[in-house]
$ cat entry37.cif   # mmCIF, C-alpha atoms and all ligand atoms
data_target
#
loop_
_atom_site.label_atom_id
_atom_site.label_comp_id
_atom_site.auth_asym_id
_atom_site.auth_seq_id
_atom_site.Cartn_x
_atom_site.Cartn_y
_atom_site.Cartn_z
CA MET Q 1 101.54 325.70 11.55
CA THR Q 2 101.30 325.24 15.29
CA GLU Q 3 102.15 327.51 18.23
CA LYS Q 4 105.51 325.75 18.57
CA ASP Q 5 106.55 326.90 15.09
CA PHE Q 6 106.59 330.46 16.41
CA ILE Q 7 109.13 329.73 19.16
CA PRO Q 8 112.52 330.73 17.77
CA SER Q 9 115.71 328.78 18.33
CA GLU Q 10 118.53 330.49 20.27
CA TYR Q 11 119.71 333.77 18.76
CA THR Q 12 123.37 333.77 17.85
CA LYS Q 13 123.79 337.49 18.64
CA LEU Q 14 121.85 340.33 20.26
CA ILE Q 15 122.33 343.69 18.60
CA ALA Q 16 123.08 346.69 20.86
CA LYS Q 17 120.42 349.17 19.80
CA GLY Q 18 118.18 350.40 17.05
CA GLU Q 19 114.78 351.78 16.16
CA VAL Q 20 111.91 350.90 13.87
CA THR Q 21 108.55 352.47 13.00
CA TRP Q 22 105.40 350.81 11.68
CA LYS Q 23 102.08 352.29 10.63
CA SER Q 24 99.24 349.85 11.02
CA PRO Q 25 95.57 350.27 10.13
CA SER Q 26 92.36 349.51 11.95
CA ASN Q 27 89.89 347.07 10.38
CA ILE Q 28 86.14 346.61 10.30
CA ALA Q 29 84.71 343.11 10.65
CA LEU Q 30 81.99 341.98 8.24
CA VAL Q 31 81.54 338.60 9.95
CA LYS Q 32 82.17 339.35 13.60
CA TYR Q 33 84.49 337.70 16.10
CA TRP Q 34 82.60 337.52 19.38
CA GLY Q 35 83.53 334.82 21.86
CA LYS Q 36 86.91 333.25 22.53
CA GLU Q 37 88.71 330.38 24.22
CA ALA Q 38 91.97 330.49 26.21
CA ASN Q 39 94.98 332.15 24.52
CA GLN Q 40 92.83 334.33 22.31
CA ILE Q 41 91.57 331.47 20.19
CA PRO Q 42 88.41 332.69 18.43
CA ALA Q 43 85.15 330.80 18.97
CA ASN Q 44 84.29 331.44 15.31
CA PRO Q 45 86.03 332.64 12.16
CA SER Q 46 85.72 336.28 11.12
CA ILE Q 47 86.47 338.41 8.06
CA SER Q 48 87.20 342.11 7.75
CA PHE Q 49 87.96 344.98 5.43
CA THR Q 50 91.26 346.62 6.29
CA LEU Q 51 90.88 350.37 6.70
CA ASP Q 52 93.14 352.99 5.20
CA THR Q 53 92.92 356.28 7.08
CA CYS Q 54 92.34 355.02 10.62
CA ALA Q 55 95.79 353.89 11.73
CA THR Q 56 98.33 353.87 14.53
CA THR Q 57 101.98 354.78 14.02
CA THR Q 58 104.37 353.23 16.52
CA LYS Q 59 108.08 353.84 16.85
CA VAL Q 60 110.04 351.40 18.98
CA THR Q 61 113.55 352.34 20.10
CA TYR Q 62 115.42 349.45 21.68
CA LYS Q 63 118.59 349.32 23.71
CA LYS Q 64 120.21 346.12 24.95
CA LEU Q 65 120.49 345.83 28.72
CA GLU Q 66 123.74 344.74 30.29
CA ASN Q 67 122.03 341.79 31.93
CA LYS Q 68 118.69 340.18 31.20
CA ALA Q 69 116.11 341.95 33.42
CA GLN Q 70 113.73 340.27 35.86
CA ASP Q 71 110.77 342.09 34.34
CA PHE Q 72 109.96 343.87 31.10
CA SER Q 73 111.57 347.29 30.80
CA PHE Q 74 109.74 349.89 28.71
CA ASP Q 75 108.36 353.43 28.61
CA LEU Q 76 105.22 354.25 26.72
CA PHE Q 77 104.53 357.60 25.10
CA PHE Q 78 101.12 358.30 23.59
CA GLU Q 79 100.95 361.35 21.34
CA GLY Q 80 104.10 362.73 22.93
CA SER Q 81 103.24 362.22 26.62
CA LEU Q 82 104.39 359.50 28.96
CA LYS Q 83 101.34 357.29 29.64
CA GLU Q 84 101.59 355.22 32.79
CA ASP Q 85 97.96 354.08 32.53
CA PHE Q 86 98.57 352.36 29.16
CA LYS Q 87 101.41 350.29 30.60
CA PRO Q 88 99.45 347.38 32.14
CA LYS Q 89 98.03 346.45 28.71
CA ILE Q 90 101.53 346.35 27.21
CA GLN Q 91 102.85 344.45 30.25
CA THR Q 92 100.13 341.79 29.73
CA PHE Q 93 100.91 341.68 26.01
CA PHE Q 94 104.65 341.20 26.65
CA LYS Q 95 103.92 338.42 29.12
CA ARG Q 96 101.72 336.62 26.57
CA ILE Q 97 104.31 336.83 23.78
CA GLU Q 98 107.47 336.31 25.82
CA ASP Q 99 107.85 332.62 24.86
CA TYR Q 100 107.73 333.59 21.19
CA LEU Q 101 110.12 336.57 21.48
CA PRO Q 102 112.61 335.45 24.14
CA PHE Q 103 114.74 338.60 23.68
CA LEU Q 104 112.13 340.85 25.29
CA LYS Q 105 113.78 340.98 28.74
CA ASN Q 106 117.19 341.69 27.17
CA TYR Q 107 116.12 345.13 26.01
CA HIS Q 108 114.76 348.43 27.24
CA PHE Q 109 112.05 349.67 24.87
CA LYS Q 110 110.85 353.21 24.28
CA ILE Q 111 107.45 352.90 22.60
CA GLU Q 112 106.10 356.07 20.98
CA THR Q 113 102.64 355.74 19.52
CA SER Q 114 100.01 357.99 17.98
CA ASN Q 115 96.68 357.54 16.21
CA SER Q 116 95.43 359.20 13.03
CA PHE Q 117 91.95 359.39 14.53
CA PRO Q 118 91.01 361.49 17.56
CA HIS Q 119 91.64 359.85 20.92
CA SER Q 120 88.43 358.90 22.73
CA SER Q 121 86.50 358.99 19.47
CA GLY Q 122 85.02 355.65 20.46
CA ILE Q 123 87.13 354.02 17.74
CA ALA Q 124 89.02 351.11 19.21
CA SER Q 125 92.75 351.56 18.73
CA SER Q 126 93.60 348.07 19.94
CA ALA Q 127 93.63 346.52 16.44
CA SER Q 128 95.89 349.18 14.91
CA GLY Q 129 97.94 349.74 18.07
CA LEU Q 130 98.76 346.14 18.89
CA SER Q 131 99.43 345.17 15.28
CA ALA Q 132 101.87 348.11 14.92
CA LEU Q 133 103.69 347.04 18.08
CA ALA Q 134 103.76 343.37 17.02
CA LEU Q 135 105.28 344.37 13.67
CA ALA Q 136 107.93 346.56 15.31
CA LEU Q 137 108.94 343.65 17.56
CA MET Q 138 109.05 341.35 14.54
CA SER Q 139 111.42 343.79 12.83
CA LEU Q 140 113.76 343.43 15.81
CA GLU Q 141 113.42 339.65 15.67
CA LYS Q 142 114.40 339.79 11.99
CA GLU Q 143 117.48 341.81 12.91
CA LEU Q 144 118.43 339.01 15.29
CA ASN Q 145 117.57 336.28 12.82
CA PRO Q 146 117.90 337.58 9.23
CA ASP Q 147 116.89 334.19 7.80
CA ILE Q 148 113.22 334.83 8.61
CA ASN Q 149 111.29 334.93 5.36
CA GLU Q 150 108.43 337.27 4.39
CA ASP Q 151 105.70 334.67 4.86
CA TYR Q 152 106.85 333.71 8.37
CA PHE Q 153 107.29 337.40 9.29
CA ILE Q 154 103.69 338.24 8.31
CA LYS Q 155 102.18 335.14 9.94
CA LYS Q 156 104.09 335.60 13.16
CA ALA Q 157 103.25 339.33 13.31
CA SER Q 158 99.57 338.39 13.03
CA PHE Q 159 100.02 335.58 15.58
CA LEU Q 160 101.62 338.01 18.09
CA ALA Q 161 99.08 340.78 17.40
CA ARG Q 162 96.30 338.25 18.10
CA LEU Q 163 97.72 337.65 21.55
CA GLY Q 164 97.36 341.39 22.22
CA SER Q 165 93.87 341.84 20.81
CA GLY Q 166 92.10 339.27 18.64
CA SER Q 167 90.99 341.70 15.94
CA ALA Q 168 94.58 343.04 15.68
CA ALA Q 169 95.51 339.77 13.95
CA ARG Q 170 93.48 341.05 10.95
CA SER Q 171 95.42 344.35 10.62
CA ILE Q 172 98.73 343.13 9.17
CA GLU Q 173 98.34 342.44 5.49
CA GLY Q 174 95.73 342.62 2.76
CA ASP Q 175 92.51 344.38 1.95
CA VAL Q 176 90.13 341.54 2.84
CA VAL Q 177 91.38 339.45 5.75
CA GLN Q 178 90.12 336.26 7.35
CA TRP Q 179 90.98 334.88 10.77
CA GLY Q 180 89.87 331.60 12.30
CA ASN Q 181 89.48 328.04 11.09
CA HIS Q 182 86.86 327.75 8.39
CA GLU Q 183 86.21 324.62 6.40
CA GLY Q 184 85.74 326.45 3.13
CA THR Q 185 88.94 328.49 3.33
CA THR Q 186 92.27 326.81 2.64
CA ASN Q 187 95.07 327.92 4.95
CA SER Q 188 92.68 329.53 7.43
CA SER Q 189 93.93 329.34 11.01
CA ASN Q 190 92.85 330.16 14.53
CA LEU Q 191 96.42 331.26 15.26
CA TYR Q 192 96.80 334.06 12.73
CA ALA Q 193 94.85 335.85 10.00
CA VAL Q 194 95.38 335.36 6.29
CA LYS Q 195 94.72 337.47 3.23
CA TYR Q 196 91.39 336.30 1.81
CA PRO Q 197 92.57 333.83 -0.83
CA TYR Q 198 89.63 333.86 -3.28
CA LYS Q 199 88.25 336.16 -5.93
CA VAL Q 200 86.95 339.58 -4.87
CA HIS Q 201 84.83 341.31 -7.53
CA THR Q 202 85.66 344.87 -8.59
CA ASN Q 203 82.40 346.06 -6.96
CA PHE Q 204 84.32 345.88 -3.68
CA LYS Q 205 87.34 347.80 -4.91
CA LYS Q 206 87.92 350.94 -2.82
CA TYR Q 207 84.78 350.12 -0.82
CA GLN Q 208 83.95 353.12 1.35
CA ASP Q 209 83.51 353.26 5.14
CA THR Q 210 82.28 356.49 6.66
CA ILE Q 211 82.43 356.17 10.44
CA LEU Q 212 79.75 358.13 12.24
CA LEU Q 213 80.83 359.03 15.76
CA VAL Q 214 77.58 358.71 17.66
CA ASP Q 215 79.04 358.29 21.10
CA LYS Q 216 82.64 359.12 21.77
CA GLY Q 217 82.66 357.92 25.35
CA GLN Q 218 84.71 355.09 26.82
CA LYS Q 219 83.58 351.60 25.91
CA GLU Q 220 80.77 350.50 28.23
CA VAL Q 221 81.81 346.88 28.06
CA SER Q 222 85.41 345.88 27.45
CA SER Q 223 85.94 343.32 24.67
CA THR Q 224 87.31 340.86 27.22
CA VAL Q 225 84.13 341.01 29.28
CA GLY Q 226 82.04 340.85 26.11
CA HIS Q 227 83.81 337.80 24.67
CA ASN Q 228 83.52 336.02 28.00
CA LEU Q 229 79.77 336.54 28.08
CA MET Q 230 79.56 334.08 25.19
CA HIS Q 231 80.55 331.29 27.59
CA GLY Q 232 77.30 329.67 28.67
CA HIS Q 233 75.33 332.08 26.48
CA PRO Q 234 71.99 330.47 25.49
CA PHE Q 235 72.51 331.18 21.78
CA SER Q 236 76.27 330.80 21.46
CA GLN Q 237 76.39 327.54 19.52
CA GLN Q 238 73.85 328.75 16.93
CA ARG Q 239 75.75 332.02 16.66
CA PHE Q 240 79.10 330.33 16.04
CA ALA Q 241 77.50 328.07 13.40
CA GLN Q 242 75.93 331.14 11.76
CA ALA Q 243 79.33 332.84 11.44
CA HIS Q 244 80.65 329.76 9.58
CA ASP Q 245 77.61 329.81 7.27
CA ASN Q 246 77.95 333.52 6.59
CA LEU Q 247 81.59 333.08 5.63
CA THR Q 248 80.65 330.29 3.26
CA LYS Q 249 77.96 332.50 1.68
CA LEU Q 250 80.37 335.42 1.36
CA LYS Q 251 82.63 333.40 -0.93
CA GLU Q 252 80.07 333.52 -3.73
CA VAL Q 253 79.07 337.08 -2.86
CA PHE Q 254 82.65 338.29 -3.20
CA ALA Q 255 83.22 336.34 -6.39
CA GLU Q 256 79.99 337.52 -8.06
CA GLY Q 257 79.96 341.06 -6.69
CA ASP Q 258 76.48 340.40 -5.25
CA LEU Q 259 75.94 343.59 -3.24
CA LYS Q 260 72.38 342.71 -2.22
CA THR Q 261 73.41 339.56 -0.38
CA PHE Q 262 76.53 341.32 0.93
CA ILE Q 263 74.31 343.93 2.60
CA GLU Q 264 72.06 341.23 4.04
CA ILE Q 265 74.98 339.36 5.61
CA VAL Q 266 76.81 342.44 6.91
CA GLU Q 267 73.78 344.06 8.54
CA SER Q 268 72.61 340.76 10.00
CA GLU Q 269 76.08 340.20 11.49
CA ALA Q 270 76.07 343.65 13.10
CA LEU Q 271 72.63 343.18 14.59
CA THR Q 272 73.50 339.65 15.75
CA LEU Q 273 76.57 340.98 17.57
CA HIS Q 274 74.34 343.41 19.45
CA ALA Q 275 71.66 340.77 19.95
CA MET Q 276 74.26 338.57 21.65
CA MET Q 277 74.99 341.39 24.09
CA MET Q 278 71.32 342.04 24.73
CA THR Q 279 70.72 338.37 25.52
CA SER Q 280 73.75 337.61 27.70
CA LEU Q 281 73.79 337.76 31.48
CA PRO Q 282 74.51 340.48 32.47
CA TYR Q 283 72.90 342.10 29.41
CA PHE Q 284 73.90 345.31 27.68
CA VAL Q 285 72.41 347.65 25.12
CA LEU Q 286 75.33 349.32 23.37
CA MET Q 287 73.33 351.19 20.75
CA LYS Q 288 72.18 354.73 21.49
CA PRO Q 289 68.93 356.25 20.21
CA ASN Q 290 70.93 357.99 17.46
CA THR Q 291 72.38 354.63 16.34
CA LEU Q 292 68.84 353.46 15.62
CA GLU Q 293 67.89 356.75 13.97
CA ILE Q 294 70.82 356.31 11.59
CA ILE Q 295 69.98 352.67 10.84
CA ASN Q 296 66.39 353.61 9.99
CA LYS Q 297 67.54 356.50 7.78
CA ILE Q 298 69.91 354.16 5.92
CA TRP Q 299 67.13 351.62 5.31
CA ASP Q 300 64.80 354.34 4.12
CA PHE Q 301 67.38 355.91 1.80
CA ARG Q 302 68.34 352.53 0.32
CA LYS Q 303 64.72 351.75 -0.48
CA ARG Q 304 64.14 355.19 -2.03
CA THR Q 305 67.25 355.24 -4.17
CA ASN Q 306 68.18 351.62 -4.93
CA THR Q 307 71.72 352.41 -3.85
CA HIS Q 308 73.84 349.90 -1.92
CA VAL Q 309 74.48 351.75 1.30
CA CYS Q 310 74.51 349.59 4.43
CA PHE Q 311 75.80 349.71 8.00
CA THR Q 312 77.84 347.69 10.39
CA LEU Q 313 78.57 348.17 14.08
CA ASP Q 314 81.34 347.38 16.52
CA ALA Q 315 80.70 346.71 20.19
CA GLY Q 316 79.50 350.28 20.65
CA ALA Q 317 77.16 352.99 19.39
CA ASN Q 318 79.17 354.28 16.42
CA VAL Q 319 77.99 353.34 12.93
CA HIS Q 320 80.21 352.31 10.01
CA VAL Q 321 78.41 353.25 6.80
CA LEU Q 322 79.62 350.99 3.97
CA TYR Q 323 79.07 351.60 0.25
CA PRO Q 324 80.66 351.05 -3.16
CA GLU Q 325 82.95 353.74 -4.53
CA SER Q 326 80.73 354.17 -7.59
CA GLU Q 327 77.95 355.56 -5.35
CA LYS Q 328 80.24 357.79 -3.28
CA GLU Q 329 78.94 361.16 -4.39
CA GLU Q 330 75.27 360.40 -3.81
CA ILE Q 331 75.81 358.64 -0.50
CA MET Q 332 78.19 361.26 0.93
CA GLN Q 333 75.52 363.86 0.18
CA PHE Q 334 72.95 361.72 2.01
CA ILE Q 335 75.32 361.32 4.97
CA LYS Q 336 75.86 365.08 5.19
CA ASP Q 337 72.19 365.92 4.71
CA GLU Q 338 70.59 363.27 6.89
CA LEU Q 339 73.06 361.41 9.13
CA VAL Q 340 75.65 363.86 10.44
CA ALA Q 341 72.97 365.48 12.60
CA PHE Q 342 72.97 362.29 14.72
CA CYS Q 343 76.74 362.36 15.33
CA GLN Q 344 78.24 363.74 18.50
CA ASN Q 345 79.45 367.26 17.61
CA GLY Q 346 78.73 366.39 13.97
CA GLN Q 347 81.90 364.26 13.83
CA TYR Q 348 82.58 361.54 11.29
CA ILE Q 349 85.62 359.99 9.60
CA CYS Q 350 85.84 359.14 5.89
CA ASP Q 351 87.74 355.94 5.28
CA GLN Q 352 87.95 353.18 2.69
CA ILE Q 353 89.53 349.78 2.16
CA GLY Q 354 93.29 349.86 2.65
CA PHE Q 355 96.04 347.35 2.10
CA GLY Q 356 97.66 346.74 5.46
CA ALA Q 357 100.57 347.84 7.60
CA LYS Q 358 103.70 349.58 6.31
CA LYS Q 359 107.17 350.08 7.69
CA VAL Q 360 107.75 353.83 7.83
O1 LIG N 1 89.84 342.42 19.30
P1 LIG N 1 88.86 342.51 20.39
O2 LIG N 1 89.11 341.50 21.47
O3 LIG N 1 88.76 343.94 20.91
O4 LIG N 1 87.40 342.14 19.82
C1 LIG N 1 86.78 342.87 18.82
C2 LIG N 1 85.41 342.36 18.54
C3 LIG N 1 84.58 343.15 17.55
O5 LIG N 1 85.22 344.34 17.17
C4 LIG N 1 83.25 343.49 18.18
C5 LIG N 1 84.31 342.30 16.31
C6 LIG N 1 85.47 342.06 15.39
O6 LIG N 1 85.52 340.97 14.81
O7 LIG N 1 86.31 342.96 15.21
#
$ encode --input "entry37.cif" --output "structure tokens" --more "lines below"
Ligand code: PMV
Amino acid sequence: MTEKDFIPSEYTKLIAKGEVTWKSPSNIALVKYWGKEANQIPANPSISFTLDTCATTTKVTYKKLENKAQDFSFDLFFEGSLKEDFKPKIQTFFKRIEDYLPFLKNYHFKIETSNSFPHSSGIASSASGLSALALALMSLEKELNPDINEDYFIKKASFLARLGSGSAARSIEGDVVQWGNHEGTTNSSNLYAVKYPYKVHTNFKKYQDTILLVDKGQKEVSSTVGHNLMHGHPFSQQRFAQAHDNLTKLKEVFAEGDLKTFIEIVESEALTLHAMMMTSLPYFVLMKPNTLEIINKIWDFRKRTNTHVCFTLDAGANVHVLYPESEKEEIMQFIKDELVAFCQNGQYICDQIGFGAKKV
């Protein structure tokens, strides 16, 4: 499919009003997306586990305007309060998707959104938030054009979410999700994410993710700035090639349930993401001393116990601790005994693989 396939033909009718609510999860990348071209086209393919507990619920109430407005008309409520400072992000999102949803200026939207995880926990809400909003807008599009089928609905929701925040494309459907052209993956696309189409061994069923909140502050570097630092980065081409290789390797790992190689790829990806930031200009260190303490404790515990605990990182100091469900008891005890002490106010979130967004 191409971008043009997502431009609808004229609607025959515009309905007067309605409302719709979607709950959409966050996701954690195993092979990281870092670097992009114009229109949120990723510089390399990425793959993620969809999360279950960490999610955004967004209700969109829409009312048709008498005449098409000059600009987008919407109010944004976050956890019950009107949030003027969130509006520019939505305004930019609407502008980017306007060609694909030409009804946007015909409606006034009331957007009411809330997160299951604490605000300013350092957990990015852009993936869950923008995917929930994209899905709500797709529900309205389906009202206007009931012929839209399930496959198109899902692909276009991911396509729209991508234009809001790249990683949001991976929060629509499925437990393991891939986004970005990759030679070894049929149907992969830079325009939208797809459910990982190959075998995933039962070792990865209900895979656990305990998120350790090391630093709950605002992001030091916005994703946009971060992605742009990959332009002219001395190691960018090798990094993009490495992401392709890691995805190829993961195919066998997922099929065989090879946890040892899984750990190797996932930890290397996390450290490479941070290495890219340390070696860009300007350069950034986004880990905190406690991030490193946790990483060392995880390595030490894994060696001592032969368990399969490992870590991954986002573009920040928090640590996602990943492990198979079969080792949950032992590893949760380790987390409580040895890792929670390094979390800000002892805070952490227990999550696991989930299966995508749901209409509420
Ligand atoms: O979706 P963005 O533009 O906020 O980028 C997210 C990038 C990482 O979270 C660091 C990696 C990823 O693939 O999710």
$ closest_atom_pairs --input "entry37.cif" --of "chain Q" --to "ligand LIG 1 (chain N)" --cutoff "8 Å" --atoms "only C-alpha atoms and all ligand atoms" --output "tab-separated table"
residue	atom	partner	partner_atom	distance
Q:Asn27	CA	N:LIG1	O7	7.3
Q:Ile28	CA	N:LIG1	O7	6.1
Q:Ala29	CA	N:LIG1	O6	4.7
Q:Leu30	CA	N:LIG1	O6	7.5
Q:Val31	CA	N:LIG1	O6	6.7
Q:Lys32	CA	N:LIG1	O6	3.9
Q:Tyr33	CA	N:LIG1	O6	3.7
Q:Trp34	CA	N:LIG1	C2	5.7
Q:Ser46	CA	N:LIG1	O6	6.0
Q:Ile47	CA	N:LIG1	O6	7.3
Q:Ser48	CA	N:LIG1	O6	7.3
Q:Ala124	CA	N:LIG1	O3	7.4
Q:Ser126	CA	N:LIG1	O3	6.4
Q:Ala127	CA	N:LIG1	O1	6.3
Q:Arg162	CA	N:LIG1	O1	7.8
Q:Ser165	CA	N:LIG1	O1	4.3
Q:Gly166	CA	N:LIG1	O1	3.9
Q:Ser167	CA	N:LIG1	O1	3.6
Q:Ala168	CA	N:LIG1	O1	6.0
Q:Ser222	CA	N:LIG1	O3	7.6
Q:Ser223	CA	N:LIG1	O3	4.7
Q:Thr224	CA	N:LIG1	O2	6.1
Q:His227	CA	N:LIG1	O2	7.2
Q:Leu273	CA	N:LIG1	C4	7.2
Q:Leu313	CA	N:LIG1	C4	7.8
Q:Asp314	CA	N:LIG1	C4	4.6
Q:Ala315	CA	N:LIG1	C4	4.6
$ closest_residue --input "entry37.cif" --among "Q:Ser81, Q:Gln237, Q:Ser116, Q:Thr307" --to "Lys260 in chain Q" --atoms "all atoms listed in the file"
Q:Thr307
$ closest_residue --input "entry37.cif" --among "Q:Thr12, Q:Asn296, Q:Ser268, Q:Asn44" --to "Pro146 in chain Q" --atoms "only C-alpha atoms"
Q:Thr12
$ atom_distance --input "entry37.cif" --atom1 "CA of Glu98 in chain Q" --atom2 "CA of Val221 in chain Q"
27.8 Å
$ closest_residue --input "entry37.cif" --among "Q:Gln70, Q:Asn106, Q:Gln352, Q:Gln40" --to "Lys206 in chain Q" --atoms "all atoms listed in the file"
Q:Gln352
$ residues_around --input "entry37.cif" --residues "Ile15 in chain Q" --least-positions-apart "5" --cutoff "12 Å" --atoms "all atoms listed in the file" --output "list in words"
Tyr62, Lys63, Lys64, Leu65, Glu66, Phe103, Asn106, Tyr107, Leu140, Glu141, Lys142, Glu143, Leu144 and Asn145 of chain Q
$ atom_distance --input "entry37.cif" --atom1 "CA of Pro289 in chain Q" --atom2 "CA of Thr261 in chain Q"
26.9 Å
$ residues_around --input "entry37.cif" --residues "Thr248 in chain Q" --least-positions-apart "2" --cutoff "9 Å" --atoms "all atoms listed in the file" --output "list in words"
His182, Glu183, Gly184, Thr185, Ala243, His244, Asp245, Asn246, Leu250, Lys251 and Glu252 of chain Q
$ write_last_selection --input "entry37.cif" --atoms "C-alpha atoms" --output "PDB file, keeping the file's coordinate frame"
ATOM      1  CA  HIS Q 182      86.860 327.750   8.390  1.00  0.00           C
ATOM      2  CA  GLU Q 183      86.210 324.620   6.400  1.00  0.00           C
ATOM      3  CA  GLY Q 184      85.740 326.450   3.130  1.00  0.00           C
ATOM      4  CA  THR Q 185      88.940 328.490   3.330  1.00  0.00           C
ATOM      5  CA  ALA Q 243      79.330 332.840  11.440  1.00  0.00           C
ATOM      6  CA  HIS Q 244      80.650 329.760   9.580  1.00  0.00           C
ATOM      7  CA  ASP Q 245      77.610 329.810   7.270  1.00  0.00           C
ATOM      8  CA  ASN Q 246      77.950 333.520   6.590  1.00  0.00           C
ATOM      9  CA  LEU Q 250      80.370 335.420   1.360  1.00  0.00           C
ATOM     10  CA  LYS Q 251      82.630 333.400  -0.930  1.00  0.00           C
ATOM     11  CA  GLU Q 252      80.070 333.520  -3.730  1.00  0.00           C
TER      12      GLU Q 252
END
$ residues_near_point --input "entry37.cif" --point "(97.2, 353.5, 11.3)" --cutoff "12 Å" --atoms "all atoms listed in the file" --output "VMD selection string"
chain Q and resid 21 to 27 50 to 58 113 to 118 123 to 133 168 171 to 172 351 354 to 360
$ write_last_selection --input "entry37.cif" --atoms "C-alpha atoms" --output "compact mmCIF listing (two decimals), keeping the file's coordinate frame"
# COMPACT_ATOMS: atom_id res chain seq x y z
CA THR Q 21 108.55 352.47 13.00
CA TRP Q 22 105.40 350.81 11.68
CA LYS Q 23 102.08 352.29 10.63
CA SER Q 24 99.24 349.85 11.02
CA PRO Q 25 95.57 350.27 10.13
CA SER Q 26 92.36 349.51 11.95
CA ASN Q 27 89.89 347.07 10.38
CA THR Q 50 91.26 346.62 6.29
CA LEU Q 51 90.88 350.37 6.70
CA ASP Q 52 93.14 352.99 5.20
CA THR Q 53 92.92 356.28 7.08
CA CYS Q 54 92.34 355.02 10.62
CA ALA Q 55 95.79 353.89 11.73
CA THR Q 56 98.33 353.87 14.53
CA THR Q 57 101.98 354.78 14.02
CA THR Q 58 104.37 353.23 16.52
CA THR Q 113 102.64 355.74 19.52
CA SER Q 114 100.01 357.99 17.98
CA ASN Q 115 96.68 357.54 16.21
CA SER Q 116 95.43 359.20 13.03
CA PHE Q 117 91.95 359.39 14.53
CA PRO Q 118 91.01 361.49 17.56
CA ILE Q 123 87.13 354.02 17.74
CA ALA Q 124 89.02 351.11 19.21
CA SER Q 125 92.75 351.56 18.73
CA SER Q 126 93.60 348.07 19.94
CA ALA Q 127 93.63 346.52 16.44
CA SER Q 128 95.89 349.18 14.91
CA GLY Q 129 97.94 349.74 18.07
CA LEU Q 130 98.76 346.14 18.89
CA SER Q 131 99.43 345.17 15.28
CA ALA Q 132 101.87 348.11 14.92
CA LEU Q 133 103.69 347.04 18.08
CA ALA Q 168 94.58 343.04 15.68
CA SER Q 171 95.42 344.35 10.62
CA ILE Q 172 98.73 343.13 9.17
CA ASP Q 351 87.74 355.94 5.28
CA GLY Q 354 93.29 349.86 2.65
CA PHE Q 355 96.04 347.35 2.10
CA GLY Q 356 97.66 346.74 5.46
CA ALA Q 357 100.57 347.84 7.60
CA LYS Q 358 103.70 349.58 6.31
CA LYS Q 359 107.17 350.08 7.69
CA VAL Q 360 107.75 353.83 7.83
$ closest_residue --input "entry37.cif" --among "Q:Asn290, Q:Glu327, Q:Ser189, Q:Gly316" --to "Phe342 in chain Q" --atoms "all atoms listed in the file"
Q:Asn290
$ closest_residue --input "entry37.cif" --among "Q:Leu212, Q:Val253, Q:Ala270, Q:Ile295" --to "Ala341 in chain Q" --atoms "only C-alpha atoms"
Q:Leu212
$ residues_around --input "entry37.cif" --residues "Val309 in chain Q" --least-positions-apart "6" --cutoff "8 Å" --atoms "only C-alpha atoms" --output "list in words"
Ile263, Ile298, Arg302, Val321, Leu322, Tyr323, Pro324 and Ile331 of chain Q
$ atom_distance --input "entry37.cif" --atom1 "CA of Asn345 in chain Q" --atom2 "CA of Ala317 in chain Q"
14.6 Å
$ residues_around --input "entry37.cif" --residues "Ser158 in chain Q" --least-positions-apart "3" --cutoff "9 Å" --atoms "only C-alpha atoms" --output "list in words"
Ser131, Ala134, Leu135, Phe153, Ile154, Lys155, Ala161, Arg162, Leu163, Ala168, Ala169, Arg170, Ser171, Ile172, Glu173, Leu191, Tyr192, Ala193 and Val194 of chain Q
$ write_last_selection --input "entry37.cif" --atoms "C-alpha atoms" --output "tab-separated table (two decimals), keeping the file's coordinate frame"
chain	number	residue	atom	x	y	z
Q	131	SER	CA	99.43	345.17	15.28
Q	134	ALA	CA	103.76	343.37	17.02
Q	135	LEU	CA	105.28	344.37	13.67
Q	153	PHE	CA	107.29	337.40	9.29
Q	154	ILE	CA	103.69	338.24	8.31
Q	155	LYS	CA	102.18	335.14	9.94
Q	161	ALA	CA	99.08	340.78	17.40
Q	162	ARG	CA	96.30	338.25	18.10
Q	163	LEU	CA	97.72	337.65	21.55
Q	168	ALA	CA	94.58	343.04	15.68
Q	169	ALA	CA	95.51	339.77	13.95
Q	170	ARG	CA	93.48	341.05	10.95
Q	171	SER	CA	95.42	344.35	10.62
Q	172	ILE	CA	98.73	343.13	9.17
Q	173	GLU	CA	98.34	342.44	5.49
Q	191	LEU	CA	96.42	331.26	15.26
Q	192	TYR	CA	96.80	334.06	12.73
Q	193	ALA	CA	94.85	335.85	10.00
Q	194	VAL	CA	95.38	335.36	6.29
$ residues_around --input "entry37.cif" --residues "Asn181 in chain Q" --least-positions-apart "5" --cutoff "7 Å" --atoms "all atoms listed in the file" --output "JSON, numbers by chain"
{"Q": [45, 188, 189, 190]}
$ closest_residue --input "entry37.cif" --among "Q:Lys4, Q:His308, Q:His231, Q:Lys59" --to "Glu267 in chain Q" --atoms "all atoms listed in the file"
Q:His308
$ residues_near_point --input "entry37.cif" --point "(84.6, 344.0, -7.3)" --cutoff "10 Å" --atoms "all atoms listed in the file" --output "PyMOL selection string"
chain Q and resi 199-207+253-259+324
$ axis_aligned_box --input "entry37.cif" --around "range 112-131 of chain Q" --padding-each-side "4 Å" --output "lines of an AutoDock Vina configuration file"
center_x = 95.6
center_y = 353.3
center_z = 17.9
size_x = 29.1
size_y = 24.3
size_z = 17.7
